[in-house]
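Below is one structure, written out as structure tokens, with a few remarks after it.
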Amino acid sequence: MNDERWAAGQAGALDARSAMLDVRRIRADFPILAQQVNGKRVVFLDSAASSQKPIQVLQAMDDVYHRAYANVHRGVYAFSEAATQRYDQAREKVARFIGAPSAEQIVFTRNATEALNLLAYSYGRHFLRPGDEILITELEHHANFVPWQVLAQEHGLVLKFIPITPDGRLDLDKLDELLTPRTKLVSFAHVSNVLGTITDPRPIVQRAHAAGAKVIVDGSQSVPHMPVNVGEMDCDFLVFSGHKMLGPTGIGVLYGKRELLEAMPPFLTGGDMISAVGFDGPRWNDVPLKFEAGTPAFVEAIGLGAAVDYLSALGMDAVRAHEREITAYALERMSEVPGAQIIGPNDPEIRGGVVTFTLDRVHPHDLASLLDREGVAIRAGHHCAQPLHIRLGLNATARASFYIYNERHEVDALIEAIYKAKAALKR
Amino acid sequence: MQDLYREHILDHYENPRHHGVIEHADISHEESNPLCGDRIRIDVKLDGEGNRYRIADAAFTGDGCIISQAAASMLLEDVVGKSVDEVEQIEPQHMLDLVGIPLTAARVKCALLGLKVLKTGIKLWKLQQT
Ligand SMILES: Cc1ncc(COP(=O)(O)O)c(C=O)c1O
């Protein structure tokens with residue numbers, strides 16, 4: 001073979017590889033996945049609820065505790081400065097990861113739920129007036145549902161819903177009707193945690209902005225799984241949780257446009273969020289610290305920084321390509337199972353790595369228990385989206401979800417376990 | 001896999017005992033398990049007087065997983081004929097013994113839903129009597 005052809009072949013091979021993930025290598029970073037459950041190697045298909053963590057993330061956190069632990073911000077000695085520096089770096093990494101113009105626009109919260117509550121309390125209470133309207137969708141997680149319901153009840157606001165189509169997409173034909181001059185906030189999931197539906201935020205953001213509304217994107221199921229860029233989306237706020245994207249629990253993110261974050265009053269008050277306190281009252285600190293009262297979960301933030309490094313090294317395009325492929329395979333295999341009904345879009349192009357289904361005459365909880373016997377971990381219930389289940393006319397569904405460490409043969413294991421469960425229940 | 005849903009569980013699920021509704025029941029109570037959406041309603045007909053009431057008949061309806069529905073069927077089979085006071089004293093472990101299969105913590109809630117409905121129904125009925 002001549003050199004040129006060899007080089008071209010290499011480049012092709014590299015392309016193919018860089019488009020996909022080297023799952024075998026990835027799995028070596030997740031020792032937990034080598035464990036056995038009920039005598040079988042665990043098949044973990046519940047990453048949409050929370051992902052596993054690679055050793056790199058665990059080590060980054062361990063390292064802080066072992067070598068440079070001290071409270072951030074206030075100390076002038078070496079440990080505190082080292083911790084503060086790593087904490088600040090984590091904020092910068094997160095900012096770069098989502099294309100935020102500056103690290104000051106990254107507010108650390110406990111999780112996506114707290115970020116949404118922060119918005120409801122701070123933005124909602126301060127800027128919304130009785131009669132104003134908030135537009136969400138029928139497919140929202142309770143985290144993006146209940147805070148608005150409560151706010152609406154307490155402040156005389158009107159909560160409206162973008163409906164879903166029979167195949168589980170947002171019905172944007174209704175959007176112009178639903179957006180009125182009184183609509184002040186629009187909030188929706190970029191990717192549904194039940195239907196898997198990927199919604200292109202841009203047309204919604206454009207039309208909402210044209211109507212004078214601000215837009216919140218719930219990126220809990222998108223930021224971990226695909227490239228997300230706040231500049232391109234032009235959303236006003238983005239929220240997500242660290243624990244669904246290889247990071248630890250207890251750390252989440254609120255991104256906001258600078259002028260909005262600056263105009264908003266604080267959420268919680270206390271230490272760190274003020275610049276000065278006198279007997280006549282406090283002066284608020286600058287963003288983001290204004291929203292981070294008390295000692296923050298800085299070790300967890302540093303862990304999230306390591307998670308972002310891990311994902312960036314893989315490349316979010318490759319992460320998405322891998323999940324699209326495994327989801328397409330799962331949809332195909334699932335459609336062969338007699339009595340299985342897939343909930344949500346069948347097109348893997350507009351579906352995140354979530355395959356939700358029902359099985360004729362088998363309750364999802366019974367199925368999940370039986371699958372557990374085979375080492376297969378799936379979730380059953382309403383997945384914190386009860387209004388959506390009411391709309392679908394279902395009490396509960398079963399959900400398998402995928403991430404960077406899942407392999408095709410795990411889909412096979414899922415399907416095989418479903419057949420076994422059907423046999424055990426004589427279905 | 002089979003050990004989880006032994007024959008007797010499936011049998012109670014497929015052929016529930018005491019399934020249905022009792023007209024003019026003395027006690028009617030319904031609850032659901034918010035986590036999984038399991039729902040059970042139990043009607044009870046009492047006989048007796050003063051503080052010596054007995055469960056003359058009981059019936060349930062509901063929907064949900066096999067464990068919750070089969071457990072309700074087993075429970076009613078067990079309690080019909082017992083005194084109200086006796087039923088109030090039933091420990092959760094007794095219900096789990098009736099079900100007789102190993103359950104994980106999340107599924108224990110399913111198994112105990114019927115007992116919870118029955119006991120709460122009795123408690124509310126007693127409050128009404130006073
Ligand atoms: C779409 C969506 N939004 C919000 C949340 C809430 O995330 P957390 O519980 O981490 O706050 C979830 C988690 O399941 C989710 O899937």
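Chain labels A, B, ... are given in the sequence in which chains occur in the structure tokens; within each chain residues are numbered consecutively from 1, and ligands are likewise numbered from 1 in the order shown.
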Could you give me, as CSV, a per-residue list for chain A showing, wherever an atom lies at most 9 Å from an atom of ligand 1, the closest pair of atoms and their distance in Å to one decimal, using only C-alpha atoms and all ligand atoms and sorting by chain then residue number from low to high?
residue,atom,partner,partner_atom_place_in_ligand_line,distance
A:Ala48,CA,ligand 1,16 (O),6.5
A:Ala49,CA,ligand 1,14 (O),5.1
A:Ser50,CA,ligand 1,14 (O),7.6
A:Arg110,CA,ligand 1,11 (O),7.5
A:Asn111,CA,ligand 1,11 (O),4.3
A:Ala112,CA,ligand 1,11 (O),3.9
A:Thr113,CA,ligand 1,11 (O),3.6
A:Glu114,CA,ligand 1,11 (O),6.4
A:Ala115,CA,ligand 1,11 (O),7.9
A:Leu116,CA,ligand 1,11 (O),8.5
A:Leu139,CA,ligand 1,1 (C),8.8
A:Glu140,CA,ligand 1,1 (C),6.5
A:His141,CA,ligand 1,3 (N),5.0
A:His142,CA,ligand 1,4 (C),7.2
A:Ala143,CA,ligand 1,4 (C),5.1
A:Asn144,CA,ligand 1,3 (N),6.3
A:Phe188,CA,ligand 1,1 (C),8.6
A:Ala189,CA,ligand 1,1 (C),5.5
A:His190,CA,ligand 1,1 (C),7.6
A:Val191,CA,ligand 1,1 (C),6.5
A:Ser192,CA,ligand 1,1 (C),5.5
A:Asn193,CA,ligand 1,16 (O),4.5
A:Val194,CA,ligand 1,16 (O),7.9
A:Asp218,CA,ligand 1,3 (N),5.9
A:Gly219,CA,ligand 1,1 (C),6.8
A:Ser220,CA,ligand 1,2 (C),4.8
A:Gln221,CA,ligand 1,1 (C),5.4
A:Ser222,CA,ligand 1,1 (C),8.4
A:Val239,CA,ligand 1,4 (C),8.3
A:Phe240,CA,ligand 1,7 (O),7.0
A:Ser241,CA,ligand 1,10 (O),4.8
A:Gly242,CA,ligand 1,10 (O),7.4
A:His243,CA,ligand 1,10 (O),6.7
A:Lys244,CA,ligand 1,10 (O),7.1
A:Thr249,CA,ligand 1,10 (O),7.9
A:Gly250,CA,ligand 1,10 (O),8.3
A:Ile251,CA,ligand 1,10 (O),8.5
A:Gly252,CA,ligand 1,10 (O),7.3
A:His383,CA,ligand 1,14 (O),7.1
A:Cys384,CA,ligand 1,14 (O),7.0
A:Ala385,CA,ligand 1,1 (C),8.9
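Near chain B, within 6 Å and using only C-alpha atoms, the residues of chain A are A:His363, A:Asp366, A:Arg373, A:Gly381, A:Asn395, A:Ala424.
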DSSP on the backbone: what in chain B comes out alpha helix (DSSP H), as number ranges by chain?
B: 7-14, 66-79, 84-88, 92-99, 105-129
Just the residues within 7 Å of range 406-421 of chain A, please, counting only C-alpha atoms, with nothing from its chain fewer than 4 positions along; format it as a list in words.
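Residues meeting the cut-off are Val43, Ile326, Ala330, Met334, Leu367, Leu370, Leu371, Glu374, Val376, Phe402 and Leu425 of chain A.
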Output N, CA, C and O atoms of each residue in that selection to a file, as an mmCIF file, in the first residue's frame.
data_model
loop_
_atom_site.group_PDB
_atom_site.id
_atom_site.type_symbol
_atom_site.label_atom_id
_atom_site.label_comp_id
_atom_site.auth_asym_id
_atom_site.auth_seq_id
_atom_site.Cartn_x
_atom_site.Cartn_y
_atom_site.Cartn_z
ATOM 1 N N VAL A 43 -26.505 -4.082 34.416
ATOM 2 C CA VAL A 43 -26.804 -3.354 33.179
ATOM 3 C C VAL A 43 -27.525 -2.091 33.627
ATOM 4 O O VAL A 43 -28.712 -2.135 33.961
ATOM 5 N N ILE A 326 -27.412 4.097 19.910
ATOM 6 C CA ILE A 326 -27.899 3.068 20.835
ATOM 7 C C ILE A 326 -29.412 3.212 21.037
ATOM 8 O O ILE A 326 -30.138 2.228 21.187
ATOM 9 N N ALA A 330 -32.253 0.478 20.341
ATOM 10 C CA ALA A 330 -33.215 0.099 21.392
ATOM 11 C C ALA A 330 -34.651 0.254 20.890
ATOM 12 O O ALA A 330 -35.502 -0.600 21.158
ATOM 13 N N MET A 334 -37.085 -2.859 20.706
ATOM 14 C CA MET A 334 -38.280 -2.783 21.536
ATOM 15 C C MET A 334 -39.542 -2.957 20.690
ATOM 16 O O MET A 334 -40.527 -3.541 21.137
ATOM 17 N N LEU A 367 -42.428 -5.077 36.245
ATOM 18 C CA LEU A 367 -41.385 -5.281 35.244
ATOM 19 C C LEU A 367 -40.019 -4.882 35.807
ATOM 20 O O LEU A 367 -39.047 -5.634 35.689
ATOM 21 N N LEU A 370 -38.717 -7.426 38.227
ATOM 22 C CA LEU A 370 -38.268 -8.651 37.563
ATOM 23 C C LEU A 370 -36.954 -8.416 36.819
ATOM 24 O O LEU A 370 -36.063 -9.267 36.820
ATOM 25 N N LEU A 371 -36.827 -7.250 36.192
ATOM 26 C CA LEU A 371 -35.583 -6.935 35.481
ATOM 27 C C LEU A 371 -34.409 -6.823 36.450
ATOM 28 O O LEU A 371 -33.283 -7.212 36.133
ATOM 29 N N GLU A 374 -32.460 -9.726 36.999
ATOM 30 C CA GLU A 374 -31.512 -10.048 35.930
ATOM 31 C C GLU A 374 -30.359 -9.053 35.899
ATOM 32 O O GLU A 374 -29.588 -9.019 34.952
ATOM 33 N N VAL A 376 -30.695 -5.894 35.495
ATOM 34 C CA VAL A 376 -30.999 -4.780 34.591
ATOM 35 C C VAL A 376 -31.740 -3.684 35.364
ATOM 36 O O VAL A 376 -32.833 -3.921 35.884
ATOM 37 N N PHE A 402 -29.917 5.837 28.443
ATOM 38 C CA PHE A 402 -28.548 5.474 28.057
ATOM 39 C C PHE A 402 -27.582 6.634 28.253
ATOM 40 O O PHE A 402 -27.970 7.803 28.220
ATOM 41 N N LEU A 425 -44.530 -13.963 34.168
ATOM 42 C CA LEU A 425 -45.884 -13.505 34.475
ATOM 43 C C LEU A 425 -46.913 -14.142 33.549
ATOM 44 O O LEU A 425 -48.091 -13.775 33.570
#
Using only C-alpha atoms, can you tell me which of A:Asn38, A:Gln52, A:Thr84, A:Gln105 comes closest to Lys257 in chain A?
A:Gln105
Shell of 7 Å around Gly196 in chain A, only C-alpha atoms, local chain residues under 5 positions omitted, as a PyMOL selection string
chain A and resi 191+344+351-354
Would you save the residues from that selection as a CSV table (one decimal), in the first residue's frame, using all heavy atoms?
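So again_26.csv came out as:
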chain,number,residue,atom,x,y,z
A,191,VAL,N,-34.9,18.7,26.4
A,191,VAL,CA,-35.2,17.2,26.1
A,191,VAL,C,-36.1,16.7,27.2
A,191,VAL,O,-35.8,16.9,28.4
A,191,VAL,CB,-33.9,16.4,26.1
A,191,VAL,CG1,-34.2,14.9,25.9
A,191,VAL,CG2,-32.9,16.9,25.0
A,344,GLY,N,-43.6,8.3,23.0
A,344,GLY,CA,-42.7,9.3,22.5
A,344,GLY,C,-42.3,9.1,21.1
A,344,GLY,O,-42.6,8.0,20.5
A,351,ARG,N,-34.9,12.3,19.3
A,351,ARG,CA,-35.1,11.6,20.6
A,351,ARG,C,-33.8,11.5,21.3
A,351,ARG,O,-32.8,10.9,20.7
A,351,ARG,CB,-35.7,10.2,20.3
A,351,ARG,CG,-36.0,9.5,21.6
A,351,ARG,CD,-37.1,8.5,21.4
A,351,ARG,NE,-37.5,8.0,22.8
A,351,ARG,CZ,-38.8,7.6,23.1
A,351,ARG,NH1,-39.7,7.7,22.2
A,351,ARG,NH2,-39.0,7.3,24.3
A,352,GLY,N,-33.7,11.9,22.5
A,352,GLY,CA,-32.6,11.7,23.4
A,352,GLY,C,-32.5,10.3,23.8
A,352,GLY,O,-33.3,9.5,23.4
A,353,GLY,N,-31.5,10.0,24.6
A,353,GLY,CA,-31.2,8.6,25.0
A,353,GLY,C,-32.2,8.0,26.0
A,353,GLY,O,-31.7,7.5,27.0
A,354,VAL,N,-33.4,8.1,25.7
A,354,VAL,CA,-34.5,7.7,26.7
A,354,VAL,C,-35.5,6.9,25.9
A,354,VAL,O,-36.1,7.3,25.0
A,354,VAL,CB,-35.2,9.0,27.2
A,354,VAL,CG1,-36.4,8.6,28.1
A,354,VAL,CG2,-34.2,9.8,28.0
Using only C-alpha atoms, which of the listed residues (B:Ile55, B:Leu46, B:Leu96, B:Val21) sits closest to Met74 in chain B?
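Selected residue with least distance to Met74 in chain B: B:Leu96.
Distance check against Ala263 in chain A using only C-alpha atoms: of A:Gln386, A:Gln206, A:Ser122, A:Thr199, the minimum falls on A:Ser122.
Distances from B:Asn33, B:His8, B:Thr61, B:Gly114 to Gly20 in chain B were compared using only C-alpha atoms, and the smallest one belongs to B:Thr61.
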When DSSP is applied to the backbone of this structure, which of chain B are assigned strand (DSSP E)? Write them out as a ChimeraX atom specification.
/B:27-32,39-49,52-63
